[in-house]
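In what follows, a structure is listed as structure tokens, so that the remarks can point back to it.
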Amino acid sequence: MNSERALDATDARILLALTAQPRATVVALAEQLGLSRNTVQTRVARMEQGGALASFERRITPNALGHPLTAFVTAQVDQHRLAEVSEALAGIDEVVEVFGLSGETDLLVRVVAADAEDLYRVAGRILAVPGIERTTTALAMRELVPHRLTPLLRRAAGDGGRPPGR
């Protein structure tokens with residue numbers, strides 16, 4: 001989150017309600033949470049502007065786009081070329097996330113692919129990026145814990161883990 005202020009319990013309650021019903025209107029959220037429409041609308045706008053709400057794009061699965069394989073590529077990088085490497089990786093469509101790491105490995109690159117041959121091609125493109133010195137690729141066999149923030153939202157909302165509206 002890029003916002004200067006942390007989310008409070010009311011923000012967390014709004015986000016929990018949106019998690020349960022992503023298409024809920026501001027009026028429906030206000031009614032469900034016992035808040036005014038203006039309060040909900042203002043807080044949602046502030047969270048959007050502050051970076052607390054990610055883009056809709058995060059909800060689309062790569063599998064739906066014909067890319068059922070996920071792999072993680074770790075890379076060692078010439079630190080003087082990190083900006084150039086980042087820009088080049090952003091230019092590879094199958095690269096969906098890149099994290100800078102501490103330790104022996106510099107980057108963790110999440111990629112998606114249509115099949116094993118496609119993954120081989122993508123891994124080769126990554127290795128060919130000027131400034132990348134070495135890579136290791138690991139195929140994700142199965143997602144065991146999907147991306148989630150609901151437990152943290154429940155804690156922040158102070159509701160003891162109950163679903164919103166109950």
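As shown in the structure tokens, the chain order sets the letters A, B, ...; within each chain, residues go from 1, and ligands are also counted from 1 in the order they appear.
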Would you pick out the contacts of segment 61-77 of chain A at 9 Å or less, using only C-alpha atoms, so that residues sharing its chain but fewer than 6 positions from it are not included, and give the list as a PyMOL selection string? chain A and resi 85+94+104-116+119+123+126-127+131-142
Print the selection's residues with N, CA and C atoms to a file, as a compact mmCIF listing (two decimals), in the first residue's frame.
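Dumped to part_5.txt:
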# COMPACT_ATOMS: atom_id res chain seq x y z
N VAL A 85 17.35 -4.26 -16.16
CA VAL A 85 16.81 -5.62 -16.07
C VAL A 85 15.31 -5.57 -15.77
N GLU A 94 4.76 -12.83 -20.36
CA GLU A 94 4.52 -13.94 -19.43
C GLU A 94 5.07 -13.68 -18.03
N GLU A 104 21.35 -14.14 -1.42
CA GLU A 104 22.15 -14.53 -2.59
C GLU A 104 21.41 -14.35 -3.91
N THR A 105 20.11 -14.49 -3.88
CA THR A 105 19.30 -14.32 -5.08
C THR A 105 18.78 -12.89 -5.11
N ASP A 106 18.85 -12.26 -6.27
CA ASP A 106 18.45 -10.85 -6.39
C ASP A 106 16.98 -10.67 -6.73
N LEU A 107 16.47 -11.53 -7.61
CA LEU A 107 15.09 -11.36 -8.08
C LEU A 107 14.33 -12.67 -8.00
N LEU A 108 13.03 -12.55 -7.71
CA LEU A 108 12.10 -13.67 -7.82
C LEU A 108 11.09 -13.25 -8.88
N VAL A 109 11.06 -14.00 -9.97
CA VAL A 109 10.23 -13.66 -11.12
C VAL A 109 9.15 -14.72 -11.25
N ARG A 110 7.90 -14.30 -11.14
CA ARG A 110 6.78 -15.23 -11.34
C ARG A 110 6.38 -15.16 -12.79
N VAL A 111 6.37 -16.32 -13.45
CA VAL A 111 6.01 -16.38 -14.86
C VAL A 111 4.88 -17.38 -15.06
N VAL A 112 4.16 -17.21 -16.15
CA VAL A 112 3.13 -18.16 -16.54
C VAL A 112 3.44 -18.62 -17.95
N ALA A 113 2.97 -19.83 -18.26
CA ALA A 113 3.27 -20.40 -19.58
C ALA A 113 2.14 -21.32 -20.02
N ALA A 114 2.05 -21.52 -21.33
CA ALA A 114 1.02 -22.38 -21.89
C ALA A 114 1.34 -23.86 -21.66
N ASP A 115 2.63 -24.21 -21.74
CA ASP A 115 3.06 -25.60 -21.56
C ASP A 115 4.57 -25.59 -21.28
N ALA A 116 5.15 -26.77 -21.15
CA ALA A 116 6.56 -26.88 -20.79
C ALA A 116 7.47 -26.23 -21.84
N LEU A 119 7.31 -22.55 -21.39
CA LEU A 119 8.09 -22.16 -20.21
C LEU A 119 9.58 -22.13 -20.53
N ALA A 123 11.80 -18.82 -20.05
CA ALA A 123 13.00 -18.87 -19.21
C ALA A 123 14.24 -18.45 -20.00
N ILE A 126 14.28 -14.69 -20.34
CA ILE A 126 14.72 -14.06 -19.09
C ILE A 126 16.23 -14.15 -18.98
N LEU A 127 16.79 -15.32 -19.21
CA LEU A 127 18.24 -15.50 -19.11
C LEU A 127 18.99 -14.63 -20.12
N GLY A 131 22.38 -8.20 -18.17
CA GLY A 131 22.45 -7.88 -16.75
C GLY A 131 22.04 -9.05 -15.87
N ILE A 132 21.33 -10.01 -16.44
CA ILE A 132 21.01 -11.23 -15.68
C ILE A 132 22.16 -12.20 -15.87
N GLU A 133 22.74 -12.59 -14.74
CA GLU A 133 23.94 -13.42 -14.78
C GLU A 133 23.63 -14.91 -14.67
N ARG A 134 22.58 -15.24 -13.93
CA ARG A 134 22.26 -16.65 -13.72
C ARG A 134 20.80 -16.77 -13.29
N THR A 135 20.15 -17.85 -13.73
CA THR A 135 18.76 -18.08 -13.31
C THR A 135 18.57 -19.54 -12.88
N THR A 136 17.55 -19.74 -12.10
CA THR A 136 17.09 -21.08 -11.74
C THR A 136 15.57 -21.05 -11.84
N THR A 137 15.00 -22.07 -12.47
CA THR A 137 13.56 -22.10 -12.67
C THR A 137 12.96 -23.27 -11.90
N ALA A 138 11.87 -22.98 -11.19
CA ALA A 138 11.13 -24.01 -10.46
C ALA A 138 9.68 -23.94 -10.89
N LEU A 139 9.14 -25.07 -11.31
CA LEU A 139 7.75 -25.16 -11.74
C LEU A 139 6.86 -25.31 -10.51
N ALA A 140 5.83 -24.51 -10.43
CA ALA A 140 4.85 -24.65 -9.35
C ALA A 140 3.97 -25.86 -9.68
N MET A 141 3.98 -26.83 -8.80
CA MET A 141 3.21 -28.05 -9.05
C MET A 141 1.74 -27.88 -8.67
N ARG A 142 1.49 -27.13 -7.57
CA ARG A 142 0.13 -26.95 -7.10
C ARG A 142 0.13 -25.77 -6.14
Write out as a PyMOL selection string all residues of chain A that DSSP puts in helix (DSSP H, G or I) for this structure's backbone. chain A and resi 9-20+26-33+37-50+56-59+62-65+79-90+116-127+150-157
Show which residues sit within 9 Å of Thr150 of chain A, as a JSON list (two decimals) with N, CA and C atoms, in the first residue's frame. Count only C-alpha atoms, and ignore same-chain residues fewer than 5 positions away.
[["chain", "number", "residue", "atom", "x", "y", "z"],
["A", 15, "LEU", "N", -13.40, -3.51, 3.33],
["A", 15, "LEU", "CA", -12.67, -4.42, 2.45],
["A", 15, "LEU", "C", -13.14, -5.87, 2.61],
["A", 16, "LEU", "N", -13.46, -6.27, 3.83],
["A", 16, "LEU", "CA", -14.02, -7.62, 4.03],
["A", 16, "LEU", "C", -15.34, -7.77, 3.29],
["A", 19, "THR", "N", -14.61, -8.13, -0.27],
["A", 19, "THR", "CA", -14.06, -9.45, -0.54],
["A", 19, "THR", "C", -15.19, -10.46, -0.72],
["A", 155, "ARG", "N", -8.55, -9.57, 11.36],
["A", 155, "ARG", "CA", -7.84, -9.11, 12.55],
["A", 155, "ARG", "C", -7.91, -7.59, 12.66],
["A", 161, "GLY", "N", -12.73, -12.93, 13.36],
["A", 161, "GLY", "CA", -12.76, -13.92, 12.29],
["A", 161, "GLY", "C", -14.13, -14.20, 11.71]]
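Atom CA of His147 of chain A is found 23.9 Å from atom CA of Gly103 of chain A.
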Might you pull out every residue within 12 Å of Arg148 of chain A, with only C-alpha atoms counted and same-chain residues fewer than 2 positions away left off, and present them as a PyMOL selection string? chain A and resi 16+19+58-59+144-146+150-154
Could you give me, as CSV, every segment 5-43 of chain A residue with an atom at most 12 Å from segment 48-54 of chain A, plus its closest atom pair and distance in Å to one decimal, counting only C-alpha atoms, rows ordered by chain then number?
residue,atom,partner,partner_atom,distance
A:Arg5,CA,A:Gly50,CA,8.5
A:Ala6,CA,A:Ala52,CA,9.2
A:Leu7,CA,A:Ala52,CA,8.3
A:Asp8,CA,A:Ala52,CA,11.8
A:Asp11,CA,A:Ala52,CA,9.8
A:Ala12,CA,A:Ala52,CA,10.4
A:Ile14,CA,A:Leu53,CA,11.4
A:Leu15,CA,A:Leu53,CA,8.7
A:Leu16,CA,A:Leu53,CA,11.9
A:Leu18,CA,A:Leu53,CA,10.4
A:Thr19,CA,A:Leu53,CA,11.0
A:Pro22,CA,A:Leu53,CA,11.6
A:Gln41,CA,A:Glu48,CA,10.6
A:Thr42,CA,A:Glu48,CA,9.9
A:Arg43,CA,A:Glu48,CA,8.6
So which one's closest to Gly124 of chain A, A:Gln21, A:Glu143, A:Leu89, A:Ala156? Using only C-alpha atoms, please. A:Leu89
Just give me the gap between atom CA of Glu31 of chain A and atom CA of Ser55 of chain A in Å, one decimal is fine. 24.9 Å
Using DSSP assignments from the backbone, pull out every residue in segment 117-154 of chain A that falls under strand (DSSP E or B) and give it to me as a PyMOL selection string. chain A and resi 132-139
Residues just named, written with N, CA, C and O atoms as a PDB file, in the first residue's frame:
ATOM      1  N   ILE A 132      21.329 -10.014 -16.443  1.00  0.00           N
ATOM      2  CA  ILE A 132      21.009 -11.229 -15.684  1.00  0.00           C
ATOM      3  C   ILE A 132      22.164 -12.196 -15.865  1.00  0.00           C
ATOM      4  O   ILE A 132      22.519 -12.552 -16.976  1.00  0.00           O
ATOM      5  N   GLU A 133      22.741 -12.586 -14.741  1.00  0.00           N
ATOM      6  CA  GLU A 133      23.938 -13.420 -14.779  1.00  0.00           C
ATOM      7  C   GLU A 133      23.634 -14.908 -14.673  1.00  0.00           C
ATOM      8  O   GLU A 133      24.354 -15.733 -15.230  1.00  0.00           O
ATOM      9  N   ARG A 134      22.583 -15.240 -13.930  1.00  0.00           N
ATOM     10  CA  ARG A 134      22.262 -16.654 -13.725  1.00  0.00           C
ATOM     11  C   ARG A 134      20.804 -16.770 -13.292  1.00  0.00           C
ATOM     12  O   ARG A 134      20.287 -15.921 -12.577  1.00  0.00           O
ATOM     13  N   THR A 135      20.149 -17.847 -13.726  1.00  0.00           N
ATOM     14  CA  THR A 135      18.759 -18.084 -13.311  1.00  0.00           C
ATOM     15  C   THR A 135      18.572 -19.536 -12.883  1.00  0.00           C
ATOM     16  O   THR A 135      19.332 -20.415 -13.291  1.00  0.00           O
ATOM     17  N   THR A 136      17.555 -19.742 -12.101  1.00  0.00           N
ATOM     18  CA  THR A 136      17.092 -21.081 -11.740  1.00  0.00           C
ATOM     19  C   THR A 136      15.575 -21.051 -11.843  1.00  0.00           C
ATOM     20  O   THR A 136      14.947 -20.112 -11.360  1.00  0.00           O
ATOM     21  N   THR A 137      15.004 -22.066 -12.474  1.00  0.00           N
ATOM     22  CA  THR A 137      13.562 -22.104 -12.674  1.00  0.00           C
ATOM     23  C   THR A 137      12.959 -23.267 -11.901  1.00  0.00           C
ATOM     24  O   THR A 137      13.474 -24.384 -11.957  1.00  0.00           O
ATOM     25  N   ALA A 138      11.871 -22.977 -11.189  1.00  0.00           N
ATOM     26  CA  ALA A 138      11.132 -24.011 -10.463  1.00  0.00           C
ATOM     27  C   ALA A 138       9.675 -23.944 -10.894  1.00  0.00           C
ATOM     28  O   ALA A 138       9.056 -22.879 -10.833  1.00  0.00           O
ATOM     29  N   LEU A 139       9.143 -25.073 -11.308  1.00  0.00           N
ATOM     30  CA  LEU A 139       7.747 -25.157 -11.740  1.00  0.00           C
ATOM     31  C   LEU A 139       6.859 -25.312 -10.510  1.00  0.00           C
ATOM     32  O   LEU A 139       7.122 -26.152  -9.639  1.00  0.00           O
TER      33      LEU A 139
END
With distances taken over only C-alpha atoms, the candidate from A:Val122, A:Val96, A:Leu33, A:Val129 nearest Ala9 of chain A is A:Leu33
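Atom CA of Leu29 of chain A is found 6.9 Å from atom CA of Ala17 of chain A.
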